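input.pdb, holding PDB, C-alpha atoms:
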```
ATOM      1  CA  MET A  12      -6.475 294.146 183.045
ATOM      2  CA  ASN A  13      -8.865 297.012 182.300
ATOM      3  CA  PHE A  14      -8.043 300.453 180.950
ATOM      4  CA  ALA A  15      -8.509 302.167 184.298
ATOM      5  CA  ARG A  16      -5.790 299.949 185.750
ATOM      6  CA  ILE A  17      -3.466 300.763 182.863
ATOM      7  CA  PHE A  18      -3.806 304.520 183.423
ATOM      8  CA  LYS A  19      -3.312 304.069 187.151
ATOM      9  CA  ASN A  20      -0.142 302.092 186.454
ATOM     10  CA  ASN A  21       1.017 304.882 184.153
ATOM     11  CA  GLN A  22       0.535 307.497 186.858
ATOM     12  CA  GLN A  23       2.498 305.382 189.314
ATOM     13  CA  TRP A  24       5.280 304.896 186.744
ATOM     14  CA  VAL A  25       5.493 308.681 186.263
ATOM     15  CA  ALA A  26       5.637 309.233 190.013
ATOM     16  CA  ASP A  27       8.364 306.609 190.421
ATOM     17  CA  LYS A  28      10.499 308.166 187.681
ATOM     18  CA  LEU A  29      10.119 311.691 189.049
ATOM     19  CA  ALA A  30      10.969 310.537 192.557
ATOM     20  CA  VAL A  31      14.362 309.395 191.310
ATOM     21  CA  ASN A  32      14.947 312.228 188.825
ATOM     22  CA  PRO A  33      12.641 315.292 188.806
ATOM     23  CA  ASP A  34      13.930 316.180 185.315
ATOM     24  CA  TYR A  35      13.401 312.711 183.847
ATOM     25  CA  PHE A  36      10.668 313.621 181.362
ATOM     26  CA  ALA A  37      12.160 317.004 180.523
ATOM     27  CA  GLU A  38      15.358 315.204 179.557
ATOM     28  CA  LEU A  39      13.406 312.537 177.655
ATOM     29  CA  ALA A  40      11.656 315.231 175.618
ATOM     30  CA  GLU A  41      14.972 316.667 174.419
ATOM     31  CA  GLY A  42      15.334 313.884 171.836
ATOM     32  CA  GLN A  43      16.600 310.353 171.343
ATOM     33  CA  HIS A  44      20.172 309.244 170.798
ATOM     34  CA  PRO A  45      20.071 305.439 170.894
ATOM     35  CA  GLU A  46      23.122 303.413 169.924
ATOM     36  CA  TYR A  47      21.033 300.323 169.208
ATOM     37  CA  LEU A  48      18.380 299.335 166.714
ATOM     38  CA  TYR A  49      16.478 296.294 168.004
ATOM     39  CA  ILE A  50      14.502 294.176 165.542
ATOM     40  CA  GLY A  51      12.419 291.554 167.298
ATOM     41  CA  CYS A  52       9.229 289.538 167.281
ATOM     42  CA  SER A  53       5.810 291.005 168.028
ATOM     43  CA  ASP A  54       5.203 288.236 170.587
ATOM     44  CA  SER A  55       3.725 289.772 173.744
ATOM     45  CA  ARG A  56       6.090 287.751 175.952
ATOM     46  CA  VAL A  57       9.207 289.393 174.506
ATOM     47  CA  THR A  58       9.690 292.974 175.710
ATOM     48  CA  ALA A  59      12.979 294.466 174.562
ATOM     49  CA  GLU A  60      13.587 297.133 177.222
ATOM     50  CA  GLU A  61      12.639 294.917 180.128
ATOM     51  CA  MET A  62      14.732 291.884 179.184
ATOM     52  CA  MET A  63      17.735 294.080 178.303
ATOM     53  CA  GLY A  64      17.426 296.220 181.426
ATOM     54  CA  VAL A  65      17.510 299.517 179.539
ATOM     55  CA  GLU A  66      15.591 302.778 179.764
ATOM     56  CA  PRO A  67      13.332 304.574 177.276
ATOM     57  CA  GLY A  68      15.562 306.304 174.726
ATOM     58  CA  ASP A  69      18.297 303.652 174.849
ATOM     59  CA  ILE A  70      17.129 301.523 171.928
ATOM     60  CA  PHE A  71      15.193 302.143 168.715
ATOM     61  CA  ILE A  72      12.720 299.295 168.209
ATOM     62  CA  HIS A  73      11.002 297.535 165.334
ATOM     63  CA  ARG A  74       8.921 294.390 165.817
ATOM     64  CA  ASN A  75       7.027 292.092 163.485
ATOM     65  CA  ILE A  76       5.834 288.485 163.408
ATOM     66  CA  ALA A  77       8.870 286.158 163.642
ATOM     67  CA  ASN A  78      11.392 289.050 163.456
ATOM     68  CA  LEU A  79      11.685 288.944 159.660
ATOM     69  CA  VAL A  80      13.783 291.246 157.488
ATOM     70  CA  VAL A  81      11.956 291.186 154.165
ATOM     71  CA  PRO A  82      13.749 293.250 151.471
ATOM     72  CA  THR A  83      10.464 294.483 149.978
ATOM     73  CA  ASP A  84       8.976 295.540 153.336
ATOM     74  CA  SER A  85       8.822 299.350 153.214
ATOM     75  CA  ASN A  86       8.163 299.533 156.952
ATOM     76  CA  ILE A  87      11.383 297.839 158.062
ATOM     77  CA  ASN A  88      13.401 299.541 155.320
ATOM     78  CA  ALA A  89      12.239 302.935 156.572
ATOM     79  CA  VAL A  90      13.142 301.974 160.150
ATOM     80  CA  ILE A  91      16.610 300.801 159.081
ATOM     81  CA  GLN A  92      17.295 303.896 157.002
ATOM     82  CA  TYR A  93      16.205 306.251 159.784
ATOM     83  CA  ALA A  94      18.167 304.350 162.429
ATOM     84  CA  VAL A  95      21.339 304.201 160.343
ATOM     85  CA  GLU A  96      21.320 307.570 158.580
ATOM     86  CA  GLN A  97      19.603 309.824 161.111
ATOM     87  CA  LEU A  98      20.138 308.228 164.515
ATOM     88  CA  LYS A  99      23.502 306.740 163.453
ATOM     89  CA  VAL A 100      23.075 303.644 165.582
ATOM     90  CA  LYS A 101      26.256 301.672 166.265
ATOM     91  CA  HIS A 102      24.643 298.248 166.596
ATOM     92  CA  ILE A 103      21.661 296.425 165.101
ATOM     93  CA  ILE A 104      20.311 293.540 167.170
ATOM     94  CA  LEU A 105      18.142 290.943 165.440
ATOM     95  CA  CYS A 106      16.522 289.037 168.294
ATOM     96  CA  GLY A 107      14.294 285.999 167.875
ATOM     97  CA  HIS A 108      12.974 283.730 170.581
ATOM     98  CA  TYR A 109      12.337 280.081 171.272
ATOM     99  CA  GLU A 110       8.692 278.934 171.188
ATOM    100  CA  CYS A 111       8.000 281.422 168.380
ATOM    101  CA  GLY A 112       4.531 280.945 166.929
ATOM    102  CA  GLY A 113       5.572 282.157 163.483
ATOM    103  CA  VAL A 114       8.433 279.672 163.290
ATOM    104  CA  LYS A 115       6.136 276.899 164.535
ATOM    105  CA  ALA A 116       3.693 277.711 161.738
ATOM    106  CA  ALA A 117       6.524 277.353 159.208
ATOM    107  CA  MET A 118       7.297 273.890 160.595
ATOM    108  CA  HIS A 119       3.731 272.707 160.009
ATOM    109  CA  PRO A 120       2.535 274.265 156.741
ATOM    110  CA  THR A 121      -1.155 275.044 156.525
ATOM    111  CA  ASP A 122      -3.274 277.690 154.865
ATOM    112  CA  MET A 123      -3.153 280.710 157.180
ATOM    113  CA  GLY A 124      -4.851 283.257 154.954
ATOM    114  CA  GLN A 125      -3.226 286.700 155.043
ATOM    115  CA  LEU A 126      -0.247 285.289 156.923
ATOM    116  CA  ASN A 127       0.732 282.998 154.032
ATOM    117  CA  ALA A 128       2.741 285.624 152.160
ATOM    118  CA  TRP A 129       4.522 286.801 155.324
ATOM    119  CA  LEU A 130       5.413 283.286 156.442
ATOM    120  CA  GLN A 131       6.801 282.452 152.997
ATOM    121  CA  THR A 132      10.116 283.969 154.082
ATOM    122  CA  LEU A 133      10.233 281.608 157.066
ATOM    123  CA  ARG A 134       9.346 278.632 154.921
ATOM    124  CA  ASP A 135      12.190 279.591 152.598
ATOM    125  CA  VAL A 136      14.553 279.415 155.577
ATOM    126  CA  ARG A 137      13.264 275.941 156.312
ATOM    127  CA  ARG A 138      13.795 274.923 152.674
ATOM    128  CA  LEU A 139      17.360 276.292 152.614
ATOM    129  CA  HIS A 140      18.280 274.267 155.704
ATOM    130  CA  GLN A 141      16.051 271.248 155.093
ATOM    131  CA  ALA A 142      18.877 268.695 155.240
ATOM    132  CA  GLU A 143      20.080 269.861 158.662
ATOM    133  CA  LEU A 144      16.580 270.160 160.076
ATOM    134  CA  ASP A 145      15.508 266.752 158.777
ATOM    135  CA  SER A 146      18.500 265.206 160.539
ATOM    136  CA  ILE A 147      17.201 266.354 163.953
ATOM    137  CA  ALA A 148      14.903 263.630 165.256
ATOM    138  CA  ASP A 149      13.709 265.516 168.333
ATOM    139  CA  GLU A 150      10.937 267.880 167.202
ATOM    140  CA  LYS A 151      11.563 270.380 170.018
ATOM    141  CA  LYS A 152      15.269 270.586 169.161
ATOM    142  CA  CYS A 153      14.361 270.955 165.502
ATOM    143  CA  PHE A 154      11.989 273.803 166.432
ATOM    144  CA  ASP A 155      14.738 275.545 168.415
ATOM    145  CA  ARG A 156      17.227 275.123 165.585
ATOM    146  CA  LEU A 157      14.842 276.635 163.030
ATOM    147  CA  VAL A 158      14.451 279.621 165.365
ATOM    148  CA  GLU A 159      18.246 280.052 165.341
ATOM    149  CA  LEU A 160      18.588 279.525 161.593
ATOM    150  CA  ASN A 161      15.892 282.112 160.995
ATOM    151  CA  ILE A 162      17.813 284.631 163.114
ATOM    152  CA  ILE A 163      20.988 283.966 161.126
ATOM    153  CA  GLU A 164      19.207 284.315 157.771
ATOM    154  CA  GLN A 165      17.513 287.549 158.832
ATOM    155  CA  CYS A 166      20.881 288.902 159.960
ATOM    156  CA  ILE A 167      22.233 288.091 156.506
ATOM    157  CA  ASN A 168      19.276 289.979 155.026
ATOM    158  CA  LEU A 169      20.287 292.951 157.164
ATOM    159  CA  ILE A 170      23.863 292.767 155.935
ATOM    160  CA  LYS A 171      22.590 292.815 152.338
ATOM    161  CA  ASN A 172      20.749 296.082 153.025
ATOM    162  CA  SER A 173      22.192 299.036 151.105
ATOM    163  CA  HIS A 174      21.721 301.564 153.943
ATOM    164  CA  ILE A 175      23.672 299.318 156.309
ATOM    165  CA  GLN A 176      26.399 298.570 153.787
ATOM    166  CA  ARG A 177      26.977 302.224 152.927
ATOM    167  CA  ALA A 178      27.301 303.185 156.589
ATOM    168  CA  TRP A 179      29.453 300.165 157.452
ATOM    169  CA  TYR A 180      31.959 300.793 154.677
ATOM    170  CA  ARG A 181      32.147 304.458 155.643
ATOM    171  CA  THR A 182      32.350 304.203 159.445
ATOM    172  CA  GLY A 183      32.620 300.536 160.463
ATOM    173  CA  HIS A 184      29.115 300.723 161.931
ATOM    174  CA  PRO A 185      26.480 299.506 162.425
ATOM    175  CA  ILE A 186      27.512 296.037 163.542
ATOM    176  CA  VAL A 187      24.825 293.365 163.167
ATOM    177  CA  HIS A 188      24.194 290.937 166.039
ATOM    178  CA  GLY A 189      22.024 287.813 166.136
ATOM    179  CA  TRP A 190      20.444 286.966 169.496
ATOM    180  CA  VAL A 191      17.847 284.512 170.729
ATOM    181  CA  PHE A 192      15.698 285.044 173.805
ATOM    182  CA  ASP A 193      14.845 281.882 175.703
ATOM    183  CA  VAL A 194      11.331 282.381 177.046
ATOM    184  CA  ARG A 195      11.809 279.235 179.137
ATOM    185  CA  THR A 196      14.671 280.703 181.180
ATOM    186  CA  GLY A 197      14.563 284.452 180.492
ATOM    187  CA  LEU A 198      18.161 284.417 179.235
ATOM    188  CA  LEU A 199      19.581 285.979 176.088
ATOM    189  CA  LYS A 200      21.916 283.978 173.857
ATOM    190  CA  ASP A 201      24.359 285.562 171.414
ATOM    191  CA  LEU A 202      24.724 283.522 168.209
ATOM    192  CA  ASN A 203      28.087 285.264 167.612
ATOM    193  CA  LEU A 204      27.517 286.332 164.036
ATOM    194  CA  ASN A 205      30.729 287.361 162.267
ATOM    195  CA  MET A 206      29.623 290.253 160.043
ATOM    196  CA  GLU A 207      32.928 290.626 158.209
ATOM    197  CA  LYS A 208      32.990 286.897 157.397
ATOM    198  CA  VAL A 209      29.430 287.018 156.052
ATOM    199  CA  ILE A 210      30.193 290.042 153.906
ATOM    200  CA  ALA A 211      33.355 288.408 152.559
ATOM    201  CA  GLU A 212      31.472 285.205 151.731
ATOM    202  CA  PHE A 213      28.646 286.889 149.835
ATOM    203  CA  ARG A 214      30.385 290.061 148.656
ATOM    204  CA  HIS A 215      30.473 288.964 145.011
ATOM    205  CA  ILE A 216      26.685 288.592 145.057
ATOM    206  CA  TYR A 217      25.273 291.263 147.352
ATOM    207  CA  ASP A 218      27.988 293.903 147.681
ATOM    208  CA  MET A 219      27.025 297.436 146.608
ATOM    209  CA  LYS A 220      28.886 298.812 143.587
ATOM    210  CA  PRO A 221      31.778 301.156 144.528
ATOM    211  CA  GLY A 222      29.814 304.201 143.392
ATOM    212  CA  GLU A 223      26.945 303.244 145.703
ATOM    213  CA  THR A 224      28.973 302.619 148.858
ATOM    214  CA  THR A 225      30.600 306.019 149.163
TER     215      THR A 225
END
```

This structure in structure tokens:
Amino acid sequence: MNFARIFKNNQQWVADKLAVNPDYFAELAEGQHPEYLYIGCSDSRVTAEEMMGVEPGDIFIHRNIANLVVPTDSNINAVIQYAVEQLKVKHIILCGHYECGGVKAAMHPTDMGQLNAWLQTLRDVRRLHQAELDSIADEKKCFDRLVELNIIEQCINLIKNSHIQRAWYRTGHPIVHGWVFDVRTGLLKDLNLNMEKVIAEFRHIYDMKPGETT
């Protein structure tokens, strides 16, 4: 696809939107009020709005390789703080996907240059769940399970986040959800993360001090 085609597609998209609602872009320019923060993978096959069937302005989006929530990553921390404190999102969706290249790289360690430091988080997930993963003889099923375990661990990293904890204790939101997108079928799968249970289990380690949660 060349650039001329992209701009032609854009013009057609504008025309289609205006045909349905002449005020569409005027309303869009008034500001955003999304209830959802979506954290997903940068994979070009996984497009949040399209697979969720939502419109521009409905979800606030952050994407990176293998949908990681790294505590020292200033980028994702800024996104979380803005989404929680300014946009006051009600839900945070951490969405991974099967056939993830980042997860596959963690399954078969090799020197990947600049990516080594980023993938260390994924390799830590593999190490934490090594016994379960080693018990899965089928490599494809093992791959899928590591995708799911990574989603769960990244959701736990979200729950540890101070911006999320402060807001959750104060308002009961945002609620963290762990999803996986199956690129083989197009379907979304909810891993049914229980946020209250996770917080209760790790509260003595990661809970904010009372003076920091008010």

Name every residue that the PyMOL selection byres ((chain A and resi 115) around 10) selects in this structure, writing the answer as a PyMOL selection string with chains first and numbers rising. chain A and resi 77+109-114+116-120+133+154-155+157-158

Compare A:Lys171, A:His184, A:His108, A:His102 by their minimum atom-to-atom distance to Thr58 (chain A), counting only C-alpha atoms, and give me the closest one.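 Looking only at the distances to Thr58 (chain A), the closest residue turns out to be A:His108.
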
Explicit residues for the PyMOL selection byres ((chain A and resi 88) around 12) (as a ChimeraX atom specification): /A:50,73,79-87,89-96,168-169,171-175

Taking only residues of region 54-126 of chain A that have an atom at most 12 Å from an atom of region 24-35 of chain A, what is each one's shortest atom pair and its distance in Å to one decimal, using only C-alpha atoms, in chain and number order, as a Markdown table?
```
| residue | atom | partner | partner_atom | distance |
| --- | --- | --- | --- | --- |
| A:Glu66 | CA | A:Lys28 | CA | 10.8 |
| A:Pro67 | CA | A:Tyr35 | CA | 10.5 |
| A:Gly68 | CA | A:Tyr35 | CA | 11.4 |
```

Could you tell me which of A:Gly197, A:Leu130, A:Arg16, A:Pro185 comes closest to Tyr49 (chain A) if we count all atoms listed in the file?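 The answer is A:Pro185, which sits nearest to Tyr49 (chain A).
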